[in-house]
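Everything below belongs to final_25.txt, which stores compact mmCIF, C-alpha atoms.
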# COMPACT_ATOMS: atom_id res chain seq x y z
CA MET A 294 13.26 -10.21 34.55
CA SER A 295 13.90 -7.44 37.02
CA ALA A 296 11.59 -4.48 37.40
CA LEU A 297 14.63 -2.26 37.07
CA GLU A 298 15.42 -3.50 33.55
CA PRO A 299 14.44 -1.17 30.71
CA THR A 300 11.18 -2.29 29.16
CA ASP A 301 9.41 -1.09 26.03
CA PRO A 302 5.72 -0.18 25.92
CA GLN A 303 4.88 -3.81 25.08
CA GLY A 304 6.53 -4.90 28.28
CA LEU A 305 9.37 -6.74 26.53
CA ASP A 306 12.80 -6.81 28.11
CA ARG A 307 14.97 -6.04 25.07
CA SER A 308 18.18 -6.46 27.06
CA ASP A 309 17.39 -10.15 27.53
CA PRO A 310 19.50 -11.87 24.82
CA LEU A 311 16.75 -14.42 24.18
CA VAL A 312 14.10 -11.70 23.66
CA ALA A 313 16.48 -9.73 21.45
CA GLY A 314 17.42 -12.91 19.55
CA LEU A 315 13.78 -13.76 18.88
CA ALA A 316 13.00 -10.21 17.76
CA ALA A 317 15.90 -10.46 15.29
CA LEU A 318 14.24 -13.50 13.69
CA ALA A 319 11.64 -11.26 12.01
CA ALA A 320 12.16 -11.19 8.23
CA ASP A 321 10.80 -9.05 5.42
CA ALA A 322 8.50 -10.79 2.98
CA PRO A 323 10.34 -11.45 -0.29
CA ALA A 324 9.58 -9.21 -3.24
CA GLY A 325 7.05 -10.62 -5.65
CA LEU A 326 5.04 -12.49 -3.03
CA LEU A 327 1.90 -10.52 -3.97
CA ASP A 328 2.05 -12.14 -7.42
CA ARG A 329 1.63 -15.52 -5.74
CA VAL A 330 -1.79 -14.32 -4.60
CA ALA A 331 -3.09 -11.76 -7.07
CA ALA A 332 -3.45 -12.02 -10.84
CA ARG A 333 -2.81 -9.09 -13.18
CA TRP A 334 -4.91 -8.16 -16.18
CA VAL A 335 -4.00 -6.56 -19.45
CA ARG A 336 -5.82 -5.74 -22.67
CA VAL A 337 -4.23 -6.99 -25.87
CA ASP A 338 -5.31 -6.24 -29.42
CA ALA A 339 -5.75 -9.40 -31.42
CA ALA A 340 -7.09 -10.31 -34.82
CA VAL A 341 -10.47 -11.07 -33.19
CA GLY A 342 -10.54 -7.63 -31.51
CA GLY A 343 -9.70 -6.48 -27.98
CA VAL A 344 -8.85 -9.38 -25.68
CA TYR A 345 -8.63 -9.19 -21.89
CA VAL A 346 -6.05 -11.51 -20.36
CA ALA A 347 -5.45 -12.36 -16.69
CA MET A 348 -2.06 -13.73 -15.71
CA THR A 349 -0.81 -15.32 -12.51
CA ASP A 350 2.78 -16.13 -11.63
CA GLN A 351 2.12 -19.52 -13.28
CA GLY A 352 0.95 -18.17 -16.62
CA VAL A 353 -2.17 -17.04 -18.47
CA ALA A 354 -5.20 -18.10 -16.45
CA TYR A 355 -8.10 -16.41 -18.21
CA LEU A 356 -8.82 -14.85 -21.57
CA ARG A 357 -12.02 -13.21 -22.73
CA THR A 358 -13.13 -11.12 -25.66
CA GLY A 359 -16.32 -9.16 -26.19
CA GLN A 360 -16.36 -7.92 -22.58
CA ASP A 361 -15.53 -4.53 -21.12
CA GLU A 362 -13.08 -4.11 -18.26
CA ASP A 363 -15.69 -4.30 -15.48
CA GLU A 364 -17.34 -7.40 -16.94
CA PHE A 365 -13.97 -9.07 -17.31
CA VAL A 366 -12.89 -8.31 -13.74
CA ALA A 367 -16.27 -9.46 -12.39
CA SER A 368 -16.23 -12.71 -14.37
CA PHE A 369 -12.65 -13.44 -13.31
CA ARG A 370 -13.50 -12.83 -9.65
CA GLY A 371 -16.59 -15.01 -9.86
CA ARG A 372 -14.68 -17.87 -11.39
CA PHE A 373 -11.29 -17.77 -9.62
CA ALA A 374 -12.02 -15.97 -6.30
CA ARG A 375 -8.59 -14.36 -6.51
CA PRO A 376 -7.66 -10.67 -6.51
CA LEU A 377 -7.19 -9.19 -9.99
CA LEU A 378 -5.06 -6.08 -10.36
CA PRO A 379 -4.32 -3.91 -13.38
CA GLY A 380 -0.86 -3.62 -14.84
CA GLY A 381 0.09 -6.96 -16.28
CA THR A 382 2.88 -7.07 -18.83
CA PRO A 383 1.89 -9.38 -21.66
CA PRO A 384 4.79 -11.68 -22.56
CA PRO A 385 5.88 -11.22 -26.21
CA ALA A 386 4.85 -14.82 -26.90
CA LEU A 387 1.25 -13.93 -26.00
CA ARG A 388 0.94 -11.17 -28.61
CA ARG A 389 2.54 -13.46 -31.18
CA ALA A 390 0.18 -16.31 -30.26
CA LEU A 391 -2.89 -14.09 -30.65
CA GLU A 392 -1.66 -12.82 -34.00
CA THR A 393 -0.65 -16.16 -35.47
CA GLY A 394 -2.92 -18.66 -33.72
CA ARG A 395 0.16 -20.66 -32.72
CA PRO A 396 0.47 -20.47 -28.93
CA THR A 397 4.00 -21.85 -28.59
CA GLY A 398 5.90 -20.48 -25.63
CA VAL A 399 2.86 -19.12 -23.77
CA ARG A 400 2.70 -20.53 -20.25
CA LEU A 401 -0.81 -21.37 -19.09
CA ASP A 402 -2.16 -21.58 -15.53
CA LEU A 403 -4.76 -24.38 -15.65
CA ARG A 404 -4.82 -25.10 -11.89
CA GLY A 405 -8.52 -24.40 -11.51
CA LEU A 406 -9.60 -27.20 -13.84
CA ARG A 407 -11.01 -30.60 -12.92
CA PRO A 408 -8.90 -33.52 -14.25
CA PHE A 409 -11.39 -34.30 -17.04
CA GLU A 410 -11.46 -30.68 -18.21
CA ASP A 411 -7.69 -30.55 -18.03
CA ALA A 412 -7.36 -33.67 -20.22
CA VAL A 413 -9.87 -32.33 -22.77
CA LEU A 414 -8.11 -28.98 -23.06
CA ARG A 415 -4.66 -30.52 -23.35
CA ALA A 416 -5.91 -32.72 -26.20
CA ALA A 417 -7.48 -29.69 -27.93
CA ALA A 418 -4.25 -27.73 -27.52
CA ASP A 419 -2.54 -30.05 -30.01
CA ILE A 420 -4.83 -29.22 -32.95
CA PRO A 421 -2.82 -27.15 -35.43
CA ARG A 422 -3.97 -23.88 -36.92
CA GLY A 423 -6.16 -24.34 -39.96
CA GLU A 424 -7.33 -27.85 -38.99
CA MET A 425 -10.38 -29.21 -37.21
CA ARG A 426 -11.17 -32.35 -35.20
CA PRO A 427 -14.51 -33.73 -33.99
CA TYR A 428 -15.61 -33.69 -30.34
CA ALA A 429 -15.62 -37.50 -30.50
CA TRP A 430 -11.93 -37.48 -31.46
CA ILE A 431 -11.06 -35.69 -28.21
CA ALA A 432 -13.24 -38.12 -26.26
CA GLU A 433 -11.37 -41.05 -27.84
CA ARG A 434 -7.96 -39.52 -27.25
CA ILE A 435 -8.51 -39.01 -23.54
CA GLY A 436 -9.83 -42.53 -23.13
CA ARG A 437 -13.48 -41.50 -22.53
CA PRO A 438 -15.06 -42.38 -25.90
CA LYS A 439 -18.63 -42.09 -24.60
CA ALA A 440 -18.12 -38.68 -23.01
CA VAL A 441 -18.60 -36.68 -26.24
CA ARG A 442 -21.17 -34.32 -24.73
CA ALA A 443 -19.00 -33.75 -21.65
CA VAL A 444 -16.11 -32.88 -23.97
CA GLY A 445 -18.29 -30.13 -25.46
CA THR A 446 -19.10 -28.84 -21.98
CA ALA A 447 -15.44 -28.85 -20.95
CA LEU A 448 -14.45 -26.95 -24.10
CA GLY A 449 -17.21 -24.43 -23.40
CA HIS A 450 -15.60 -23.93 -19.99
CA ASN A 451 -12.17 -23.27 -21.53
CA PRO A 452 -10.59 -20.45 -19.48
CA VAL A 453 -8.11 -19.59 -22.26
CA PRO A 454 -9.83 -19.77 -25.67
CA LEU A 455 -7.60 -18.88 -28.65
CA LEU A 456 -4.55 -20.05 -26.65
CA ILE A 457 -6.17 -23.47 -26.34
CA PRO A 458 -7.92 -23.54 -29.70
CA CYS A 459 -11.25 -25.04 -28.74
CA HIS A 460 -12.71 -23.35 -31.83
CA ARG A 461 -10.99 -26.08 -33.88
CA VAL A 462 -13.23 -28.79 -32.39
CA ILE A 463 -16.42 -29.40 -34.36
CA ARG A 464 -19.24 -31.89 -34.60
CA SER A 465 -18.73 -35.27 -36.26
CA ASP A 466 -21.51 -34.44 -38.76
CA GLY A 467 -19.47 -31.52 -40.11
CA ARG A 468 -21.46 -28.73 -38.43
CA ILE A 469 -19.22 -26.40 -36.47
CA GLY A 470 -21.14 -26.58 -33.20
CA GLN A 471 -21.12 -24.20 -30.25
CA TYR A 472 -18.38 -21.91 -28.95
CA VAL A 473 -17.57 -20.08 -25.77
CA PHE A 474 -17.71 -16.75 -27.66
CA GLY A 475 -20.66 -17.86 -29.83
CA THR A 476 -20.94 -19.87 -33.05
CA PRO A 477 -20.47 -16.83 -35.39
CA ALA A 478 -17.13 -16.06 -33.69
CA LYS A 479 -16.07 -19.68 -34.12
CA GLU A 480 -16.86 -19.56 -37.83
CA ARG A 481 -15.00 -16.24 -38.19
CA LEU A 482 -11.92 -17.63 -36.42
CA LEU A 483 -11.85 -20.77 -38.56
CA ARG A 484 -12.18 -18.75 -41.76
CA MET A 485 -9.36 -16.45 -40.59
CA GLU A 486 -7.23 -19.58 -40.31
CA GLU A 487 -8.20 -20.41 -43.88
CA VAL A 488 -10.18 -23.50 -43.02
CA ASN A 489 -12.34 -24.30 -46.03
CA LEU A 490 -15.61 -24.54 -44.12
CA ASP A 491 -17.64 -24.57 -47.31
CA GLU A 492 -15.83 -27.63 -48.58
CA VAL A 493 -16.16 -29.38 -45.20
CA GLY A 494 -19.89 -28.60 -45.32
CA THR A 495 -20.24 -29.89 -48.88
CA LEU A 496 -18.44 -33.12 -48.01
CA ALA A 497 -20.51 -33.58 -44.84
CA ALA A 498 -23.69 -33.14 -46.89
CA LYS A 499 -22.47 -36.04 -49.03
CA ASN A 500 -21.73 -38.01 -45.85
CA ILE A 501 -17.98 -37.80 -46.37
CA HIS A 502 -16.05 -37.33 -43.10
CA PHE A 503 -12.69 -38.85 -44.00
CA VAL A 504 -10.55 -38.51 -47.11
CA GLY A 505 -7.73 -40.71 -48.37
CA SER A 506 -5.10 -40.82 -51.07
CA ASP A 507 -4.70 -44.00 -53.14
CA THR A 508 -1.01 -43.19 -53.71
CA THR A 509 -0.13 -43.16 -50.00
CA GLY A 510 -2.93 -45.36 -48.71
CA ILE A 511 -3.44 -42.91 -45.86
CA VAL A 512 -6.80 -41.66 -44.57
CA CYS A 513 -7.21 -38.25 -42.87
CA PHE A 514 -9.72 -35.78 -41.51
CA PRO A 515 -10.66 -33.46 -44.40
CA THR A 516 -8.85 -30.44 -42.91
CA CYS A 517 -5.58 -32.28 -42.21
CA HIS A 518 -2.73 -30.63 -44.09
CA ASN A 519 -1.91 -34.03 -45.63
CA ALA A 520 -5.49 -34.38 -46.91
CA ARG A 521 -5.38 -30.93 -48.49
CA ARG A 522 -2.43 -32.00 -50.65
CA ILE A 523 -4.25 -34.93 -52.30
CA THR A 524 -4.76 -34.32 -56.03
CA PRO A 525 -8.29 -34.92 -57.39
CA ALA A 526 -7.18 -37.97 -59.40
CA HIS A 527 -6.12 -39.82 -56.25
CA TRP A 528 -8.73 -38.44 -53.83
CA HIS A 529 -11.23 -40.80 -52.15
CA GLY A 530 -13.94 -39.89 -49.65
CA PHE A 531 -15.22 -42.17 -46.86
CA ARG A 532 -18.19 -42.03 -44.56
CA THR A 533 -16.52 -43.93 -41.72
CA LEU A 534 -13.01 -44.87 -40.73
CA VAL A 535 -13.96 -48.56 -40.78
CA GLN A 536 -14.88 -48.17 -44.46
CA ALA A 537 -11.50 -46.62 -45.21
CA GLU A 538 -9.64 -49.28 -43.25
CA SER A 539 -11.43 -52.14 -44.99
CA ALA A 540 -10.43 -50.51 -48.29
CA GLY A 541 -6.82 -50.88 -47.13
CA TYR A 542 -6.16 -47.36 -45.84
CA ARG A 543 -4.35 -46.63 -42.58
CA SER A 544 -4.86 -43.64 -40.28
CA CYS A 545 -2.76 -40.56 -40.86
CA ARG A 546 -0.11 -40.13 -38.15
CA HIS A 547 -0.58 -36.37 -38.21
CA CYS A 548 -4.33 -35.92 -37.72
CA ARG A 549 -4.83 -39.37 -36.19
CA PRO A 550 -8.45 -40.10 -37.15
CA GLY A 551 -8.18 -43.58 -35.62
CA ALA A 552 -8.12 -43.73 -31.84
CA ASP A 553 -5.83 -46.75 -32.01
CA VAL A 554 -3.06 -44.68 -33.58
CA SER A 555 -1.04 -43.04 -30.90
CA MET B 69 3.35 3.71 13.54
CA THR B 70 1.06 1.89 15.89
CA GLU B 71 -1.31 -0.87 14.83
CA THR B 72 -4.22 1.60 15.15
CA ASP B 73 -2.55 3.94 12.62
CA ILE B 74 -1.91 1.08 10.21
CA ARG B 75 -5.33 -0.53 10.54
CA LEU B 76 -7.70 2.35 9.80
CA PRO B 77 -6.70 3.25 6.21
CA ILE B 78 -6.58 -0.43 5.31
CA VAL B 79 -10.05 -1.17 6.63
CA THR B 80 -11.37 1.96 4.89
CA ALA B 81 -9.78 0.86 1.60
CA LEU B 82 -11.28 -2.63 1.99
CA THR B 83 -14.79 -1.25 2.42
CA GLU B 84 -14.39 0.92 -0.70
CA ASP B 85 -12.93 -1.63 -3.13
CA LEU B 86 -12.00 -5.18 -2.26
CA ASP B 87 -9.13 -5.62 -4.71
CA THR B 88 -7.48 -2.23 -4.04
CA GLY B 89 -8.07 -2.71 -0.32
CA PHE B 90 -6.51 -6.14 -0.52
CA VAL B 91 -3.25 -4.66 -1.84
CA ALA B 92 -3.23 -2.24 1.13
CA LEU B 93 -3.90 -5.15 3.49
CA PHE B 94 -1.09 -7.16 1.92
CA ASP B 95 1.38 -4.27 2.03
CA GLY B 96 0.46 -3.45 5.62
CA TYR B 97 0.84 -6.96 7.02
CA ARG B 98 2.98 -9.02 4.63
CA ASN B 99 6.15 -8.67 6.74
CA VAL B 100 4.54 -9.60 10.03
CA VAL B 101 2.65 -12.52 8.47
CA PHE B 102 5.76 -13.74 6.65
CA SER B 103 7.94 -13.45 9.79
CA ALA B 104 5.47 -15.50 11.78
CA ALA B 105 5.11 -18.04 8.94
CA LEU B 106 8.88 -18.40 8.61
CA ARG B 107 9.43 -19.00 12.32
CA LEU B 108 6.45 -21.34 12.60
CA CYS B 109 7.24 -23.63 9.68
CA GLY B 110 11.00 -23.06 9.74
CA ARG B 111 11.66 -23.11 5.99
CA TRP B 112 11.78 -20.18 3.62
CA ALA B 113 9.91 -21.82 0.70
CA ASP B 114 7.21 -23.20 3.02
CA ALA B 115 6.84 -19.75 4.58
CA GLU B 116 6.26 -18.21 1.15
CA ASP B 117 3.60 -20.83 0.39
CA LEU B 118 1.96 -20.39 3.77
CA THR B 119 1.91 -16.58 3.52
CA ALA B 120 0.50 -16.61 -0.02
CA GLU B 121 -2.16 -19.14 0.99
CA ALA B 122 -3.11 -17.16 4.11
CA PHE B 123 -3.62 -13.97 2.11
CA LEU B 124 -5.60 -15.82 -0.57
CA ARG B 125 -7.89 -17.27 2.11
CA ALA B 126 -8.20 -13.83 3.62
CA TYR B 127 -9.28 -12.41 0.26
CA ARG B 128 -11.86 -15.16 -0.22
CA ALA B 129 -13.25 -14.59 3.26
CA LEU B 130 -13.42 -10.81 2.75
CA ALA B 131 -15.33 -11.33 -0.52
CA GLY B 132 -18.16 -12.83 1.54
CA TYR B 133 -18.15 -10.34 4.43
CA GLU B 134 -20.77 -7.63 4.93
CA PRO B 135 -19.36 -4.05 4.97
CA GLN B 136 -20.24 -3.88 8.67
CA ARG B 137 -18.02 -6.84 9.42
CA ILE B 138 -15.10 -5.40 7.44
CA ALA B 139 -15.47 -2.05 9.24
CA THR B 140 -14.94 -3.73 12.61
CA LEU B 141 -12.21 -6.08 11.41
CA GLN B 142 -8.97 -6.33 13.38
CA PRO B 143 -6.78 -7.38 10.45
CA ARG B 144 -3.62 -8.40 12.31
CA PRO B 145 -5.04 -11.02 14.71
CA TRP B 146 -7.51 -12.07 11.99
CA LEU B 147 -4.72 -12.76 9.48
CA MET B 148 -2.65 -14.49 12.16
CA THR B 149 -5.61 -16.74 12.99
CA ILE B 150 -5.85 -17.78 9.32
CA LEU B 151 -2.08 -18.37 9.26
CA ALA B 152 -2.11 -20.35 12.51
CA ASN B 153 -4.90 -22.62 11.25
CA LEU B 154 -3.10 -23.27 7.97
CA TRP B 155 0.13 -24.00 9.83
CA ARG B 156 -1.55 -26.40 12.28
CA ASN B 157 -3.27 -28.24 9.41
CA ALA B 158 -0.04 -28.43 7.40
CA ALA B 159 1.85 -29.69 10.45
CA ARG B 160 -0.81 -32.32 11.06
CA SER B 161 -0.85 -33.60 7.50
CA ALA B 162 2.97 -33.62 7.45
CA ALA B 163 2.89 -35.74 10.60
CA ARG B 164 0.52 -38.18 8.91
CA HIS B 165 2.55 -38.26 5.70
CA PRO B 166 6.15 -37.56 6.68
CA PRO B 167 8.28 -36.42 3.73
CA PRO B 168 11.40 -38.45 2.96
CA ALA B 169 14.15 -37.49 5.40
CA PRO B 170 16.56 -34.98 3.86
CA LEU B 171 20.15 -36.17 3.55
CA ASP B 172 21.47 -33.17 5.39
CA ASP B 173 19.06 -32.42 8.20
CA ALA B 174 21.51 -30.53 10.39
CA PRO B 175 20.01 -27.31 11.77
CA GLU B 176 23.11 -25.45 10.52
CA ALA B 177 22.28 -26.32 6.91
CA ALA B 178 21.22 -23.27 4.94
CA ASP B 179 17.57 -23.17 4.06
CA PRO B 180 17.48 -24.01 0.34
CA GLY B 181 14.72 -21.48 -0.36
CA GLU B 182 16.38 -18.59 1.37
CA PRO B 183 18.29 -16.08 -0.77
CA THR B 184 22.05 -16.43 -0.23
CA GLU B 185 22.59 -12.80 0.69
CA ARG B 186 20.17 -13.27 3.56
CA VAL B 187 21.94 -16.42 4.72
CA ALA B 188 25.19 -14.49 4.76
CA GLU B 189 23.91 -11.57 6.78
CA ARG B 190 22.07 -13.71 9.30
CA SER B 191 24.10 -14.75 12.28
CA GLU B 192 24.90 -18.29 13.32
CA THR B 193 23.07 -17.57 16.59
CA GLY B 194 19.89 -16.65 14.74
CA ARG B 195 19.94 -19.89 12.82
CA GLU B 196 20.37 -21.92 15.97
CA LEU B 197 17.59 -20.08 17.76
CA ALA B 198 15.27 -20.47 14.76
CA ALA B 199 15.95 -24.22 14.79
CA LEU B 200 15.27 -24.42 18.54
CA LEU B 201 11.78 -22.99 18.01
CA GLY B 202 11.01 -26.26 16.27
CA GLU B 203 11.52 -28.07 19.57
CA LEU B 204 8.61 -26.28 21.25
CA PRO B 205 5.15 -27.81 21.45
CA GLU B 206 2.71 -26.31 18.91
CA GLU B 207 0.84 -23.82 21.09
CA GLN B 208 3.98 -22.67 22.91
CA ARG B 209 5.76 -22.12 19.62
CA LEU B 210 2.79 -20.18 18.26
CA ALA B 211 2.57 -17.99 21.37
CA VAL B 212 6.33 -17.31 21.47
CA VAL B 213 6.54 -16.52 17.74
CA LEU B 214 3.52 -14.21 17.81
CA ARG B 215 4.75 -12.41 20.94
CA HIS B 216 8.48 -12.16 20.36
CA VAL B 217 9.02 -12.43 16.59
CA ALA B 218 5.80 -10.85 15.29
CA ASP B 219 5.53 -8.47 18.27
CA LEU B 220 1.79 -8.93 18.87
CA PRO B 221 0.25 -7.83 22.17
CA ILE B 222 -1.05 -10.54 24.53
CA ALA B 223 -4.68 -9.63 23.83
CA GLU B 224 -4.30 -10.28 20.10
CA ILE B 225 -2.48 -13.56 20.70
CA ALA B 226 -5.30 -14.64 23.01
CA SER B 227 -7.76 -14.10 20.17
CA VAL B 228 -5.53 -16.05 17.74
CA LEU B 229 -5.15 -18.98 20.13
CA GLY B 230 -8.75 -18.77 21.31
CA ALA B 231 -7.43 -18.93 24.87
CA PRO B 232 -7.54 -16.61 27.91
CA GLU B 233 -4.69 -14.12 28.28
CA GLY B 234 -3.40 -15.98 31.34
CA THR B 235 -3.00 -19.15 29.29
CA VAL B 236 -1.17 -17.22 26.57
CA LYS B 237 1.24 -15.74 29.12
CA SER B 238 1.91 -19.16 30.55
CA HIS B 239 2.57 -20.62 27.05
CA ILE B 240 5.03 -17.81 26.41
CA SER B 241 6.90 -18.11 29.69
CA ARG B 242 7.09 -21.90 29.43
CA GLY B 243 8.28 -21.56 25.86
CA LEU B 244 11.04 -19.11 26.78
CA LYS B 245 12.07 -21.27 29.71
CA ARG B 246 12.35 -24.27 27.47
CA LEU B 247 14.43 -22.35 24.91
CA ARG B 248 16.86 -21.34 27.67
CA LEU B 249 17.12 -24.98 28.77
CA LEU B 250 17.68 -26.18 25.21
CA TYR B 251 20.54 -23.78 24.82
CA PRO B 252 22.28 -23.65 28.18
CA GLY B 253 24.78 -20.84 28.61
CA ARG B 254 23.63 -18.49 25.88
CA TYR B 255 20.16 -17.49 27.03
CA ASP B 256 20.39 -18.16 30.79
CA GLU B 257 18.15 -15.84 32.75
CA ARG B 258 20.18 -13.42 34.76
CA SER B 259 19.68 -13.64 38.49
Encoded form using structure tokens:
Amino acid sequence: MSALEPTDPQGLDRSDPLVAGLAALAADAPAGLLDRVAARWVRVDAAVGGVYVAMTDQGVAYLRTGQDEDEFVASFRGRFARPLLPGGTPPPALRRALETGRPTGVRLDLRGLRPFEDAVLRAAADIPRGEMRPYAWIAERIGRPKAVRAVGTALGHNPVPLLIPCHRVIRSDGRIGQYVFGTPAKERLLRMEEVNLDEVGTLAAKNIHFVGSDTTGIVCFPTCHNARRITPAHWHGFRTLVQAESAGYRSCRHCRPGADVS
Amino acid sequence: MTETDIRLPIVTALTEDLDTGFVALFDGYRNVVFSAALRLCGRWADAEDLTAEAFLRAYRALAGYEPQRIATLQPRPWLMTILANLWRNAARSAARHPPPAPLDDAPEAADPGEPTERVAERSETGRELAALLGELPEEQRLAVVLRHVADLPIAEIASVLGAPEGTVKSHISRGLKRLRLLYPGRYDERS
């Protein structure tokens, strides 16, 4: 480089083709890159009341009810350590899911979960509206039959309740158990889905946790839609699945009370 | 606008509200961080990942900083230091676990992640030069990219590399010399 060449204040010789060529390699960041880093929040009205939802470019990452805006932002920050900005646009599927309790088509961002939590929540996601399964059923399904208590903890840590319906998981003894938004909210949600909690409670008091039909020879959880169709004349209650199986019943393929049915 | 003009409102915004300030930080530096990322890792999609990860780490670090530390922050070399560390680590783990060789590894091949309109407007020369950067040793490449693509002053590069300014200058001049040798004819230094 000659001292006579024009130089800019940084001391770069822009007439040097290599310097000019390197400078031309600068590129603008693509649009939308901020959404790779920051989540957006939005408030959606749902049957349970106002719901705050945080979304990343991967999907819904966090959902809370019963909080105000500041509490929601603070709890998101504490849990995800990611910037959270206002102005999310809720996908139409999200509103529909919150109205109907059927979260089809809503993308979820579950990246922050440990593998065990992820497995628990994916198993819970399959429970249809209006039905319930025991904690132990989830533990069986994910191949960790002894981890019933840990299943409860993982469900309590659910970042997206309602969208992953952890309120549909109850205790094996028929009591509804705890919930991330509190037991009364769980009971309210289940009743909104027309789960007959009183009947489940009555059966549990009689030590009946499975019901079968002697016309089909199939045994179900009491809230399975197949169980609800059994007419009183053909209805049989069982305390355990083993009892039902030794009476010649097989597990329902819909609610899958037996872990061996896949 | 000079770096001083850009820096002050961003640092002020960061001390007032982290999330709002972060958007200002991102808007102020996304292009320079992305340019450096793109010319360090060489692939559009990797550069997007690297830039997003660098800003996320920056946010997490800022969340733990005292206001005093944010007030004295020099965002540009600080962000570039985060980026450089991520790039070095990624390069090291790629060296340990090399990905399967692509079928078409020619430097002329269009970067699959890059939008087509950009491929069209970018010259053949630029693509060749970008590929040549990959031939430089790590620290030379970093110094050349920060100086000549990202347009950082020597003092800031010295803080990114954690090296004296003299060392930085020598990395840069060796890097440029090597680029001229790799591409004889086009970038020869004039006598």
Quick one: of A:Arg549, A:Arg468, A:Arg375, A:Arg336, who's nearest to chain B, counting all atoms listed in the file?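 That would be A:Arg375, the residue with the smallest distance to chain B.
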Enumerate, in order of chain and increasing residue number, the residues of chain B with an atom no farther than 8 Å from chain A, each with its shortest atom pair and distance in Å to one decimal, counting only C-alpha atoms, as a Markdown table.
| residue | atom | partner | partner_atom | distance |
| --- | --- | --- | --- | --- |
| B:Asp87 | CA | A:Pro376 | CA | 5.6 |
| B:Thr88 | CA | A:Leu378 | CA | 7.8 |
| B:Phe90 | CA | A:Pro376 | CA | 7.6 |
| B:Phe94 | CA | A:Leu327 | CA | 7.4 |
| B:Arg98 | CA | A:Ala322 | CA | 6.0 |
| B:Asn99 | CA | A:Asp321 | CA | 4.8 |
| B:Val100 | CA | A:Ala319 | CA | 7.6 |
| B:Phe102 | CA | A:Ala322 | CA | 5.4 |
| B:Ser103 | CA | A:Ala319 | CA | 4.8 |
| B:Ala104 | CA | A:Ala319 | CA | 7.5 |
| B:Leu106 | CA | A:Ala320 | CA | 7.9 |
| B:Arg107 | CA | A:Leu318 | CA | 7.4 |
| B:Glu116 | CA | A:Leu326 | CA | 7.2 |
| B:Ala120 | CA | A:Val330 | CA | 5.6 |
| B:Glu121 | CA | A:Val330 | CA | 7.4 |
| B:Phe123 | CA | A:Val330 | CA | 7.0 |
| B:Leu124 | CA | A:Val330 | CA | 5.7 |
| B:Tyr127 | CA | A:Arg375 | CA | 7.1 |
| B:Arg128 | CA | A:Ala374 | CA | 6.1 |
| B:Thr193 | CA | A:Gly314 | CA | 7.9 |
| B:Gly194 | CA | A:Leu318 | CA | 6.6 |
| B:Leu197 | CA | A:Gly314 | CA | 7.4 |
| B:Ala198 | CA | A:Leu318 | CA | 7.1 |
| B:Val213 | CA | A:Leu315 | CA | 7.8 |
| B:His216 | CA | A:Ala316 | CA | 5.6 |
| B:Val217 | CA | A:Ala316 | CA | 4.7 |
| B:Ala218 | CA | A:Ala319 | CA | 6.7 |
| B:Asp219 | CA | A:Ala316 | CA | 7.7 |
| B:Pro221 | CA | A:Gln303 | CA | 6.8 |
| B:Leu244 | CA | A:Leu311 | CA | 7.8 |
| B:Arg248 | CA | A:Leu311 | CA | 7.8 |
| B:Arg254 | CA | A:Pro310 | CA | 7.9 |
| B:Tyr255 | CA | A:Leu311 | CA | 5.4 |
| B:Glu257 | CA | A:Met294 | CA | 7.7 |
| B:Arg258 | CA | A:Met294 | CA | 7.6 |
For range 397-402 of chain A, find every residue with an atom within 6 Å (counting all atoms listed in the file), except residues of its own chain fewer than 6 positions away, and show them as a PDB file with C-alpha atoms, keeping the file's coordinate frame.
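Wrote it out as out-v3.pdb, contents follow:
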ATOM      1  CA  GLN A 351       2.120 -19.520 -13.280  1.00  0.00           C
ATOM      2  CA  GLY A 352       0.950 -18.170 -16.620  1.00  0.00           C
ATOM      3  CA  VAL A 353      -2.170 -17.040 -18.470  1.00  0.00           C
ATOM      4  CA  ALA A 354      -5.200 -18.100 -16.450  1.00  0.00           C
ATOM      5  CA  ALA A 386       4.850 -14.820 -26.900  1.00  0.00           C
ATOM      6  CA  LEU A 387       1.250 -13.930 -26.000  1.00  0.00           C
TER       7      LEU A 387
END
Near His518 in chain A, counting all atoms listed in the file, which residues have an atom at most 10 Å away, once you skip same-chain residues fewer than 5 positions from it, shown as an MDAnalysis selection string? chainID A and resid 421:424 513 523 547:548
Go ahead and save the residues from that selection, with C-alpha atoms, as a PDB file, in the frame of the given file.
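And here is the file that came out, selection-v5.pdb:
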ATOM      1  CA  PRO A 421      -2.820 -27.150 -35.430  1.00  0.00           C
ATOM      2  CA  ARG A 422      -3.970 -23.880 -36.920  1.00  0.00           C
ATOM      3  CA  GLY A 423      -6.160 -24.340 -39.960  1.00  0.00           C
ATOM      4  CA  GLU A 424      -7.330 -27.850 -38.990  1.00  0.00           C
ATOM      5  CA  CYS A 513      -7.210 -38.250 -42.870  1.00  0.00           C
ATOM      6  CA  ILE A 523      -4.250 -34.930 -52.300  1.00  0.00           C
ATOM      7  CA  HIS A 547      -0.580 -36.370 -38.210  1.00  0.00           C
ATOM      8  CA  CYS A 548      -4.330 -35.920 -37.720  1.00  0.00           C
TER       9      CYS A 548
END
Å distance separating CA of Val441 in chain A from CA of Val413 in chain A, one decimal place: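 Separation of CA of Val441 in chain A and CA of Val413 in chain A: 10.4 Å.
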Shortest contact to Ala429 in chain A, candidates A:Ile511, A:Ala520, A:Val493, A:Ile463, atoms counted all atoms listed in the file, goes to A:Ile463
Name the residues in contact with range 449-461 of chain A at a cut-off of 6 Å, using all atoms listed in the file, excluding same-chain residues fewer than 2 positions from it; report them as a list of chain:residue names.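 Residues meeting the cut-off are A:Tyr355, A:Leu356, A:Pro396, A:Ala418, A:Met425, A:Thr446, A:Ala447, A:Val473, A:Lys479.
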